[in-house]
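Q: Structure: upload.cif, mmCIF, C-alpha atoms.
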data_entry
loop_
_atom_site.label_atom_id
_atom_site.label_comp_id
_atom_site.auth_asym_id
_atom_site.auth_seq_id
_atom_site.Cartn_x
_atom_site.Cartn_y
_atom_site.Cartn_z
CA MET A 1 23.82 -2.14 6.48
CA THR A 2 21.24 -0.38 8.65
CA LYS A 3 18.52 -2.29 10.45
CA GLU A 4 14.97 -2.26 9.15
CA THR A 5 11.86 -3.57 10.88
CA SER A 6 8.44 -4.49 9.55
CA VAL A 7 7.14 -1.06 10.57
CA GLN A 8 9.78 1.48 9.63
CA GLU A 9 13.30 1.96 8.35
CA ASP A 10 16.21 2.77 10.61
CA GLN A 11 17.04 6.47 10.28
CA THR A 12 20.71 6.11 11.24
CA ARG A 13 22.78 8.45 9.02
CA ALA A 14 19.66 9.01 6.90
CA ALA A 15 20.83 12.33 5.44
CA GLU A 16 24.24 10.90 4.58
CA ARG A 17 22.71 7.84 2.97
CA ARG A 18 20.30 9.93 0.89
CA ALA A 19 23.19 12.14 -0.23
CA LYS A 20 24.94 9.01 -1.53
CA GLY A 21 21.90 8.02 -3.59
CA GLU A 22 20.06 5.63 -1.29
CA PHE A 23 16.29 5.84 -0.89
CA VAL A 24 15.53 6.13 2.85
CA ARG A 25 11.89 6.14 3.91
CA GLY A 26 11.01 8.67 6.61
CA VAL A 27 9.30 8.01 9.94
CA SER A 28 5.62 8.69 10.52
CA GLY A 29 5.05 11.27 13.25
CA PHE A 30 1.51 10.51 14.49
CA ARG A 31 1.48 7.24 16.46
CA GLN A 32 -1.63 7.30 18.65
CA ALA A 33 -4.14 4.47 18.45
CA ILE A 34 -7.81 3.68 18.33
CA GLY A 35 -8.45 2.32 21.81
CA ASP A 36 -6.45 5.08 23.53
CA PRO A 37 -8.59 7.11 25.99
CA ASP A 38 -8.91 9.98 23.49
CA PHE A 39 -9.85 7.72 20.58
CA PRO A 40 -12.56 5.19 21.51
CA PRO A 41 -13.55 2.57 18.91
CA GLU A 42 -16.95 3.73 17.61
CA PRO A 43 -18.76 3.18 14.31
CA GLY A 44 -18.72 6.22 12.02
CA ARG A 45 -16.12 8.13 14.03
CA TYR A 46 -13.04 7.57 11.89
CA HIS A 47 -11.96 8.62 8.42
CA LEU A 48 -9.10 7.70 6.10
CA PHE A 49 -7.23 9.95 3.70
CA VAL A 50 -5.51 7.86 1.02
CA ALA A 51 -4.09 7.78 -2.50
CA LEU A 52 -4.89 4.60 -4.42
CA ASN A 53 -1.52 4.52 -6.17
CA CYS A 54 0.34 4.46 -2.84
CA PRO A 55 1.11 0.89 -1.66
CA TRP A 56 1.13 1.95 2.01
CA CYS A 57 -2.39 3.35 1.55
CA HIS A 58 -3.35 0.18 -0.31
CA ARG A 59 -2.60 -1.81 2.85
CA VAL A 60 -5.16 0.27 4.71
CA THR A 61 -7.88 0.19 2.05
CA LEU A 62 -7.42 -3.59 1.85
CA ALA A 63 -7.86 -3.92 5.63
CA ARG A 64 -10.94 -1.70 5.52
CA ALA A 65 -12.40 -3.97 2.83
CA VAL A 66 -11.61 -7.44 4.16
CA LEU A 67 -12.62 -6.46 7.70
CA GLY A 68 -16.02 -5.17 6.56
CA LEU A 69 -15.42 -1.55 7.57
CA GLU A 70 -16.28 0.18 4.31
CA SER A 71 -19.59 1.55 5.62
CA SER A 72 -18.30 2.57 9.06
CA ILE A 73 -14.97 4.22 8.16
CA THR A 74 -15.30 6.98 5.58
CA LEU A 75 -12.68 7.65 2.92
CA ASP A 76 -11.23 10.46 0.80
CA VAL A 77 -9.04 9.68 -2.21
CA ALA A 78 -6.34 12.03 -3.51
CA PHE A 79 -5.46 12.40 -7.18
CA PRO A 80 -2.56 10.03 -8.00
CA ASN A 81 -0.24 12.77 -9.27
CA ARG A 82 0.86 15.35 -6.73
CA THR A 83 0.94 19.09 -7.29
CA GLY A 84 3.32 20.55 -9.86
CA GLU A 85 5.93 23.28 -9.76
CA ASP A 86 3.29 25.87 -10.69
CA ASP A 87 1.03 25.16 -7.72
CA PRO A 88 0.81 28.14 -5.34
CA ALA A 89 1.33 25.83 -2.35
CA GLY A 90 4.35 24.17 -3.92
CA PRO A 91 5.16 20.93 -5.73
CA ASN A 92 4.88 17.27 -4.69
CA LEU A 93 1.81 17.61 -2.45
CA TRP A 94 -1.14 15.21 -2.25
CA GLU A 95 -4.26 16.99 -3.50
CA PHE A 96 -7.96 16.22 -3.11
CA ASP A 97 -9.32 17.49 -6.40
CA PRO A 98 -11.74 15.29 -8.39
CA SER A 99 -11.65 17.74 -11.32
CA ARG A 100 -8.07 16.85 -12.27
CA VAL A 101 -7.67 14.95 -15.52
CA ALA A 102 -5.52 11.83 -15.88
CA THR A 103 -3.14 11.99 -18.84
CA LEU A 104 -3.57 8.25 -19.38
CA THR A 105 -7.33 8.50 -20.02
CA GLY A 106 -7.91 12.18 -20.79
CA GLU A 107 -10.68 12.07 -18.20
CA THR A 108 -11.21 12.62 -14.48
CA LEU A 109 -10.87 9.64 -12.15
CA ALA A 110 -14.16 8.53 -10.60
CA GLU A 111 -12.55 7.42 -7.32
CA CYS A 112 -11.01 10.81 -6.53
CA THR A 113 -12.86 12.95 -4.01
CA ARG A 114 -12.85 16.32 -2.38
CA GLU A 115 -11.71 16.44 1.23
CA THR A 116 -14.65 15.65 3.51
CA GLY A 117 -13.06 14.21 6.66
CA THR A 118 -12.36 17.51 8.44
CA GLY A 119 -15.55 19.16 7.22
CA LEU A 120 -13.46 22.11 6.00
CA GLY A 121 -13.00 21.13 2.36
CA LEU A 122 -9.21 21.35 2.55
CA ARG A 123 -7.38 20.92 -0.75
CA LEU A 124 -4.11 19.37 0.40
CA ALA A 125 -3.15 16.58 2.79
CA LYS A 126 -0.48 18.96 4.06
CA GLU A 127 -3.20 21.29 5.32
CA ILE A 128 -4.62 18.54 7.52
CA TYR A 129 -1.24 18.26 9.22
CA GLN A 130 -0.78 22.03 9.44
CA ARG A 131 -3.96 22.31 11.55
CA GLU A 132 -2.03 20.36 14.20
CA GLY A 133 1.22 22.25 13.79
CA ALA A 134 2.96 19.49 11.84
CA GLU A 135 4.91 19.72 8.59
CA GLU A 136 4.26 16.20 7.34
CA GLN A 137 2.36 15.62 4.11
CA SER A 138 2.12 11.87 3.70
CA VAL A 139 -0.83 9.52 3.34
CA PRO A 140 -2.48 7.42 4.67
CA ILE A 141 -3.93 9.46 7.52
CA LEU A 142 -6.33 7.98 10.07
CA TYR A 143 -8.49 10.87 11.32
CA ASP A 144 -10.96 11.22 14.19
CA LYS A 145 -13.92 13.25 12.90
CA VAL A 146 -15.36 13.79 16.39
CA ALA A 147 -12.16 15.06 18.00
CA GLY A 148 -10.99 16.76 14.80
CA ARG A 149 -7.53 15.22 15.19
CA ILE A 150 -5.11 12.96 13.37
CA VAL A 151 -4.82 9.62 15.14
CA ASN A 152 -2.06 7.89 13.19
CA ASN A 153 -0.24 8.01 9.85
CA GLU A 154 1.76 4.76 10.02
CA SER A 155 0.05 2.16 7.85
CA ALA A 156 1.46 -0.85 9.73
CA GLU A 157 -0.10 0.39 12.96
CA ILE A 158 -3.41 1.37 11.37
CA LEU A 159 -3.80 -2.22 10.12
CA ARG A 160 -3.48 -3.54 13.66
CA MET A 161 -6.04 -1.05 15.02
CA LEU A 162 -8.64 -1.91 12.41
CA ASP A 163 -8.12 -5.63 12.99
CA ARG A 164 -8.21 -5.39 16.79
CA HIS A 165 -11.30 -3.17 16.95
CA ALA A 166 -13.20 -4.30 13.83
CA ALA A 167 -16.36 -5.31 15.71
CA ALA A 168 -16.49 -2.15 17.83
CA LEU A 169 -15.82 0.00 14.76
CA GLY A 170 -18.95 -1.41 13.12
CA SER A 171 -17.77 -4.24 10.88
CA ALA A 172 -20.52 -5.51 8.59
CA ILE A 173 -19.04 -9.03 8.80
CA PRO A 174 -19.99 -11.21 11.80
CA ASN A 175 -17.19 -12.16 14.18
CA GLY A 176 -17.17 -15.80 13.16
CA SER A 177 -16.92 -15.01 9.45
CA ARG A 178 -14.44 -12.12 9.50
CA VAL A 179 -10.77 -12.73 8.81
CA ARG A 180 -8.36 -12.13 11.67
CA LEU A 181 -5.24 -10.48 10.30
CA VAL A 182 -3.18 -10.91 13.43
CA PRO A 183 -3.50 -14.29 15.18
CA GLU A 184 -3.63 -14.42 18.96
CA ALA A 185 -1.60 -17.62 19.36
CA THR A 186 2.04 -16.83 20.13
CA LYS A 187 3.53 -19.29 17.64
CA GLU A 188 1.25 -18.18 14.80
CA LEU A 189 1.90 -14.53 15.60
CA ALA A 190 5.66 -15.13 15.48
CA THR A 191 5.27 -16.66 12.00
CA VAL A 192 3.32 -13.64 10.77
CA GLU A 193 5.82 -11.21 12.30
CA ALA A 194 8.79 -12.97 10.71
CA LEU A 195 7.14 -12.86 7.30
CA ASN A 196 6.15 -9.22 7.78
CA GLU A 197 9.75 -8.24 8.41
CA ARG A 198 11.10 -10.16 5.42
CA VAL A 199 8.38 -8.84 3.12
CA TYR A 200 8.80 -5.24 4.25
CA VAL A 201 12.58 -5.13 4.01
CA ALA A 202 13.08 -7.14 0.82
CA ILE A 203 9.88 -6.49 -1.13
CA ASN A 204 7.68 -3.59 0.06
CA ASN A 205 10.49 -1.16 0.83
CA GLY A 206 12.93 -3.08 -1.36
CA ALA A 207 10.98 -2.08 -4.47
CA TYR A 208 11.50 1.57 -3.55
CA LYS A 209 15.17 0.97 -2.77
CA ALA A 210 15.57 -0.34 -6.29
CA GLY A 211 13.38 2.16 -8.09
CA PHE A 212 14.21 5.42 -6.35
CA SER A 213 17.87 5.06 -5.41
CA SER A 214 20.34 6.80 -7.70
CA ASP A 215 23.35 4.65 -6.82
CA GLN A 216 23.95 1.63 -9.08
CA ASN A 217 25.30 -0.55 -6.28
CA VAL A 218 22.38 0.25 -3.97
CA TYR A 219 19.98 -0.54 -6.80
CA ALA A 220 21.75 -3.81 -7.64
CA GLN A 221 21.69 -4.97 -4.04
CA ALA A 222 17.99 -4.14 -3.68
CA PHE A 223 17.27 -5.92 -6.97
CA GLU A 224 19.04 -9.07 -5.82
CA VAL A 225 17.35 -9.10 -2.40
CA TYR A 226 13.92 -8.50 -3.94
CA PHE A 227 14.10 -11.44 -6.34
CA ARG A 228 15.71 -13.73 -3.80
CA ALA A 229 12.72 -13.06 -1.53
CA LEU A 230 10.31 -13.84 -4.38
CA ASP A 231 12.13 -17.14 -4.93
CA ASP A 232 11.78 -17.97 -1.24
CA LEU A 233 8.06 -17.15 -1.22
CA GLU A 234 7.53 -19.25 -4.33
CA THR A 235 9.13 -22.17 -2.51
CA LEU A 236 7.03 -21.51 0.60
CA LEU A 237 3.81 -21.68 -1.42
CA SER A 238 4.88 -24.75 -3.37
CA ASP A 239 3.56 -27.09 -0.65
CA GLY A 240 0.01 -26.23 -1.68
CA ARG A 241 -0.89 -23.87 1.14
CA PRO A 242 -3.40 -21.22 -0.03
CA PHE A 243 -1.86 -18.36 1.98
CA LEU A 244 1.58 -17.48 3.29
CA CYS A 245 1.01 -18.79 6.81
CA GLY A 246 -1.15 -21.74 5.84
CA ALA A 247 -4.91 -22.11 5.48
CA ALA A 248 -5.91 -18.64 6.74
CA PHE A 249 -5.40 -15.22 5.16
CA SER A 250 -3.30 -13.06 7.48
CA GLU A 251 -1.60 -9.70 7.78
CA ALA A 252 1.43 -11.16 6.00
CA ASP A 253 -0.67 -11.77 2.87
CA LEU A 254 -2.24 -8.33 3.09
CA ARG A 255 1.15 -6.61 3.34
CA LEU A 256 2.64 -8.55 0.41
CA PHE A 257 -0.29 -8.02 -1.94
CA PRO A 258 0.10 -4.29 -2.80
CA THR A 259 3.65 -4.77 -4.09
CA LEU A 260 2.97 -7.91 -6.12
CA TYR A 261 -0.25 -6.37 -7.49
CA ARG A 262 1.91 -3.55 -8.89
CA HIS A 263 4.88 -5.62 -10.03
CA ASP A 264 4.02 -6.77 -13.57
CA PRO A 265 2.17 -3.67 -14.84
CA VAL A 266 4.21 -0.99 -13.01
CA TYR A 267 7.27 -2.00 -11.01
CA TYR A 268 8.77 -4.22 -13.72
CA VAL A 269 9.44 -1.01 -15.68
CA ARG A 270 9.16 1.91 -13.26
CA MET A 271 11.19 0.37 -10.42
CA LYS A 272 13.64 -1.37 -12.80
CA LEU A 273 12.61 -4.74 -11.34
CA ASN A 274 12.73 -6.52 -14.67
CA GLY A 275 14.29 -9.75 -13.46
CA ALA A 276 10.99 -11.60 -13.83
CA ARG A 277 7.24 -11.09 -13.72
CA ILE A 278 5.05 -12.48 -10.96
CA LEU A 279 3.43 -14.42 -13.79
CA ASP A 280 6.73 -16.31 -14.07
CA TYR A 281 6.25 -17.67 -10.52
CA PRO A 282 3.32 -20.13 -10.76
CA HIS A 283 2.65 -20.45 -7.04
CA LEU A 284 2.96 -16.72 -6.37
CA TRP A 285 0.75 -15.93 -9.37
CA ARG A 286 -1.99 -18.25 -8.16
CA TRP A 287 -1.66 -16.76 -4.66
CA LEU A 288 -1.99 -13.27 -6.15
CA CYS A 289 -5.12 -14.27 -8.06
CA ARG A 290 -6.55 -15.97 -4.96
CA VAL A 291 -6.18 -12.82 -2.86
CA TYR A 292 -7.51 -10.62 -5.68
CA ALA A 293 -10.66 -12.79 -5.79
CA MET A 294 -11.44 -12.19 -2.10
CA GLU A 295 -14.49 -10.06 -1.33
CA GLY A 296 -13.68 -6.34 -1.54
CA VAL A 297 -10.03 -6.71 -2.61
CA ALA A 298 -10.39 -5.74 -6.29
CA ALA A 299 -12.26 -2.54 -5.41
CA ALA A 300 -9.74 -1.58 -2.70
CA GLY A 301 -7.07 -0.65 -5.28
CA SER A 302 -6.72 0.74 -8.78
CA LEU A 303 -4.05 -0.03 -11.36
CA LEU A 304 -5.22 3.01 -13.31
CA HIS A 305 -4.27 5.18 -10.34
CA CYS A 306 -1.01 3.24 -9.99
CA ARG A 307 -0.01 3.71 -13.62
CA GLN A 308 -0.95 7.37 -13.56
CA GLY A 309 0.76 8.01 -10.24
CA TYR A 310 4.06 6.22 -10.80
CA PHE A 311 4.68 7.05 -14.45
CA GLY A 312 3.23 10.52 -14.09
CA ARG A 313 6.20 11.24 -11.82
CA SER A 314 8.75 10.00 -14.35
CA TRP A 315 10.90 12.42 -16.30
CA ASN A 316 8.48 12.94 -19.20
CA GLY A 317 5.18 12.00 -17.55
CA VAL A 318 4.23 9.52 -20.29
CA VAL A 319 2.27 6.49 -19.02
CA PRO A 320 2.94 3.12 -20.73
CA LEU A 321 -0.15 1.39 -22.13
CA GLY A 322 0.89 -2.23 -21.49
CA PRO A 323 1.44 -4.94 -20.70
CA LEU A 324 -1.20 -6.41 -23.04
CA ARG A 325 -0.02 -10.04 -23.22
CA PRO A 326 -1.11 -12.57 -22.28
CA MET A 327 -3.86 -10.06 -21.47
CA GLY A 328 -4.28 -6.69 -19.82
CA TYR A 329 -4.07 -6.02 -16.11
CA PRO A 330 -5.91 -6.24 -13.70
CA GLU A 331 -8.04 -8.60 -15.83
CA ALA A 332 -5.14 -11.06 -15.77
CA TYR A 333 -5.61 -11.48 -12.01
CA LEU A 334 -8.91 -13.23 -12.73
CA HIS A 335 -6.98 -16.01 -14.49
CA PRO A 336 -4.78 -18.11 -12.20
CA GLU A 337 -4.34 -20.59 -15.05
CA LEU A 338 -2.12 -18.10 -16.90
CA ALA A 339 0.77 -19.23 -14.71
CA ASP A 340 0.58 -22.67 -16.32
CA GLN A 341 1.08 -21.10 -19.76
CA SER A 342 4.08 -18.98 -18.77
CA PRO A 343 7.48 -20.30 -19.89
CA SER A 344 9.53 -21.53 -16.94
#
Starting from the coordinates I provided, produce the structure as structure tokens.
A:
Amino acid sequence: MTKETSVQEDQTRAAERRAKGEFVRGVSGFRQAIGDPDFPPEPGRYHLFVALNCPWCHRVTLARAVLGLESSITLDVAFPNRTGEDDPAGPNLWEFDPSRVATLTGETLAECTRETGTGLGLRLAKEIYQREGAEEQSVPILYDKVAGRIVNNESAEILRMLDRHAAALGSAIPNGSRVRLVPEATKELATVEALNERVYVAINNGAYKAGFSSDQNVYAQAFEVYFRALDDLETLLSDGRPFLCGAAFSEADLRLFPTLYRHDPVYYVRMKLNGARILDYPHLWRWLCRVYAMEGVAAAGSLLHCRQGYFGRSWNGVVPLGPLRPMGYPEAYLHPELADQSPS
């Protein structure tokens, strides 16, 4: 087994592993930070390029919301399906085109935007990278509108920057009322870091290991590790704590949420993670509903984009309409009591 951390996956023998059917996530190439001499923390200076179906982007939009940065950090949203084989620039590219129509609804998606961060109206995320001589094409991208440069494209690091510099970046939430994602106390930080690593390896990246690996044994191992981690988290929350590390919402909660938010309506089918629903874990379900109810969280993601994005990439592009029982999603996340009605 190769070593993974809470930030990125070990790239040892990556090509060989991919050739054998394992999903291996690549490494983000832009790793500068707000607070570096070239990138001072200032309100209105920074911009995010995201796709709402992407769980790594969801981390960043969640941080922007709970830290009160929605007015001071601007945002562009790509269409959830990437370009097709007939696109002149090539397939599988993130595109900023609000005129595209979702097959699920037969309509455009209100959240999708044109590209406004560079001021050039670029169509593709890849073009943002090409302006700096890079061949990457991933989102999220944290961009400095004043310098006209990419700052960072690693979601785990962007979270830390937004948390550390929230006040200087123009948070609308006063210091005493704003959540602190990363605690300063050494012991509390160690707890968050340990959870981050377990959640990333077993759940965040584990879902992709299960869903996008083409080797049955790799899939089976990822499946087992994923559900074992859910069992452990269910036990952790069974003592009545509201959040993973205790009374306060932390980065560990934020990093877990995008995967569990997607599990029942998307990953259960698309990632072949049909061992159980989150609804079958009463403590995890109530935790999920508790986080969903926090100010700004519901608007920071979109299950419509998730359904369109994940199933639109499947072999026939057909998007499932359910689940509809006990009720549709995300409406179900407004009902923590549903966990009490689920068969054990």
Q: Taking all listed atoms of segment 85-98 of chain A, build the axis-aligned box, pad each of the six sides by 3 Å, then write its centre and edge lengths in Å to one decimal as lines of an AutoDock Vina configuration file.
A:
center_x = -2.9
center_y = 21.7
center_z = -6.5
size_x = 23.7
size_y = 18.9
size_z = 14.4
Q: Residues within 9 Å of Trp285 of chain A, please, as a PyMOL selection string. Count all atoms listed in the file; anything in the same chain fewer than 2 positions from it doesn't count.
A: chain A and resi 260+278-283+287-290+333+336-339
Q: Hey, what's within 12 Å of Arg149 of chain A if we count only C-alpha atoms and toss same-chain stuff fewer than 2 positions away? As a VMD selection string, please?
A: chain A and resid 30 32 to 34 38 to 39 45 to 48 117 to 119 128 to 134 141 to 147 151 to 153
Q: To one decimal in Å, tell me the separation between atom CA of Pro320 of chain A and atom CA of Arg307 of chain A.
A: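 These atoms are spaced 7.7 Å apart.
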Q: Since I can't run it myself right now, could you work out what the PyMOL selection byres ((chain A and resi 139) around 7) selects here and report it as a list of chain:residue names?
A: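 For this structure, the PyMOL selection byres ((chain A and resi 139) around 7) captures A:Phe49, A:Val50, A:Ala51, A:Cys57, A:Gln137, A:Ser138, A:Pro140, A:Ile141, A:Asn153.
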Q: Could the residues in this selection be saved with C-alpha atoms as a PDB file, in the frame of the given file?
A:
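To be explicit, this is the file written out as out.pdb:
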ATOM      1  CA  PHE A  49      -7.230   9.950   3.700  1.00  0.00           C
ATOM      2  CA  VAL A  50      -5.510   7.860   1.020  1.00  0.00           C
ATOM      3  CA  ALA A  51      -4.090   7.780  -2.500  1.00  0.00           C
ATOM      4  CA  CYS A  57      -2.390   3.350   1.550  1.00  0.00           C
ATOM      5  CA  GLN A 137       2.360  15.620   4.110  1.00  0.00           C
ATOM      6  CA  SER A 138       2.120  11.870   3.700  1.00  0.00           C
ATOM      7  CA  PRO A 140      -2.480   7.420   4.670  1.00  0.00           C
ATOM      8  CA  ILE A 141      -3.930   9.460   7.520  1.00  0.00           C
ATOM      9  CA  ASN A 153      -0.240   8.010   9.850  1.00  0.00           C
TER      10      ASN A 153
END
Q: Name the residues in contact with Gly176 of chain A at a cut-off of 12 Å, using all atoms listed in the file, excluding same-chain residues fewer than 5 positions from it; report them as a list in words.
A: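 Result of the neighbour search: Leu67, Ala167 and Ser171 of chain A.
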Q: Would you kindly return, as a ChimeraX atom specification, each protein, DNA or RNA residue with an atom no farther than 9 Å from any atom of Ile203 of chain A, considering all atoms listed in the file and excluding same-chain residues fewer than 5 positions away?
A: /A:198,208,222,225-227,229-230,256,259-260
Q: Determine the residue set returned by the PyMOL selection byres ((chain A and resi 163) around 9) for the present structure, and present it as a list in words.
A: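 So the PyMOL selection byres ((chain A and resi 163) around 9) ends up selecting Ala63, Arg64, Leu67, Ile158, Leu159, Arg160, Met161, Leu162, Arg164, His165, Ala166, Ala167, Val179, Arg180, Leu181 and Val182 of chain A.
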Q: For the residues in that selection, give me C-alpha atoms as a PDB file, keeping the file's coordinate frame.
A:
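Result file follows (result_33.pdb):
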ATOM      1  CA  ALA A  63      -7.860  -3.920   5.630  1.00  0.00           C
ATOM      2  CA  ARG A  64     -10.940  -1.700   5.520  1.00  0.00           C
ATOM      3  CA  LEU A  67     -12.620  -6.460   7.700  1.00  0.00           C
ATOM      4  CA  ILE A 158      -3.410   1.370  11.370  1.00  0.00           C
ATOM      5  CA  LEU A 159      -3.800  -2.220  10.120  1.00  0.00           C
ATOM      6  CA  ARG A 160      -3.480  -3.540  13.660  1.00  0.00           C
ATOM      7  CA  MET A 161      -6.040  -1.050  15.020  1.00  0.00           C
ATOM      8  CA  LEU A 162      -8.640  -1.910  12.410  1.00  0.00           C
ATOM      9  CA  ARG A 164      -8.210  -5.390  16.790  1.00  0.00           C
ATOM     10  CA  HIS A 165     -11.300  -3.170  16.950  1.00  0.00           C
ATOM     11  CA  ALA A 166     -13.200  -4.300  13.830  1.00  0.00           C
ATOM     12  CA  ALA A 167     -16.360  -5.310  15.710  1.00  0.00           C
ATOM     13  CA  VAL A 179     -10.770 -12.730   8.810  1.00  0.00           C
ATOM     14  CA  ARG A 180      -8.360 -12.130  11.670  1.00  0.00           C
ATOM     15  CA  LEU A 181      -5.240 -10.480  10.300  1.00  0.00           C
ATOM     16  CA  VAL A 182      -3.180 -10.910  13.430  1.00  0.00           C
TER      17      VAL A 182
END
Q: With only C-alpha atoms as the counted atoms, please give the residues lying no more than 9 Å from Leu244 of chain A, apart from itself and same-chain residues fewer than 6 positions off, as a ChimeraX atom specification.
A: /A:192,195,233,236-237,250,252-253,287
Q: Can you spit out the residues from that selection as a compact mmCIF listing (two decimals), in the coordinates of the input, using C-alpha atoms?
A:
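Below is the file that was written, part_11.txt:
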# COMPACT_ATOMS: atom_id res chain seq x y z
CA VAL A 192 3.32 -13.64 10.77
CA LEU A 195 7.14 -12.86 7.30
CA LEU A 233 8.06 -17.15 -1.22
CA LEU A 236 7.03 -21.51 0.60
CA LEU A 237 3.81 -21.68 -1.42
CA SER A 250 -3.30 -13.06 7.48
CA ALA A 252 1.43 -11.16 6.00
CA ASP A 253 -0.67 -11.77 2.87
CA TRP A 287 -1.66 -16.76 -4.66
Q: Go ahead and compute the interatomic distance for atom CA of Arg262 of chain A and atom CA of Ser302 of chain A, in Å to one decimal.
A: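 Atom-to-atom, atom CA of Arg262 of chain A to atom CA of Ser302 of chain A, that is 9.6 Å.
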Q: If you measure from atom CA of Arg313 of chain A to atom CA of Met327 of chain A, what distance in Å do you get, rounded to one decimal?
A: 25.5 Å
Q: Compare A:Ala220, A:Val291, A:Ala102, A:Ala210 by their minimum atom-to-atom distance to Tyr268 of chain A, counting only C-alpha atoms, and give me the closest one.
A: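 Of all the options, A:Ala210 lies closest to Tyr268 of chain A.
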Q: Would you mind telling me which residue in A:Ala110, A:Met271, A:Val266, A:Ala298 lies nearest to Ser213 of chain A when using all atoms listed in the file?
A: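 Comparing A:Ala110, A:Met271, A:Val266, A:Ala298 against Ser213 of chain A, the winner is A:Met271.
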Q: From the set A:Glu135, A:Leu52, A:Ala168, A:Thr186, which residue has the shortest atom-to-atom contact distance to Thr113 of chain A, counting only C-alpha atoms?
A: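 Selected residue with least distance to Thr113 of chain A: A:Leu52.
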Q: Starting from the displayed file, determine the output of the PyMOL selection byres ((chain A and resi 66) around 9) and express the residue list as JSON, numbers by chain.
A: {"A": [61, 62, 63, 64, 65, 67, 68, 69, 70, 173, 178, 179, 294, 295, 296, 297]}
Q: Pick from A:Arg59, A:Lys187, A:Lys209, A:Arg31: nearest to Tyr261 of chain A, with only C-alpha atoms counted?
A: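 Comparing A:Arg59, A:Lys187, A:Lys209, A:Arg31 against Tyr261 of chain A, the winner is A:Arg59.
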Q: Out of A:Arg286, A:Glu234, A:Ser72, A:Pro265, which residue has the shortest atom-to-atom distance to Arg325 of chain A when counting only C-alpha atoms?
A: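 For Arg325 of chain A, the nearest of the given residues is A:Pro265.
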Q: Measuring atom to atom with all atoms listed in the file, identify which of A:Gly148, A:Gly90, A:Pro41, A:Pro183 is nearest to Phe249 of chain A.
A: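 The closest residue to Phe249 of chain A is A:Pro183.
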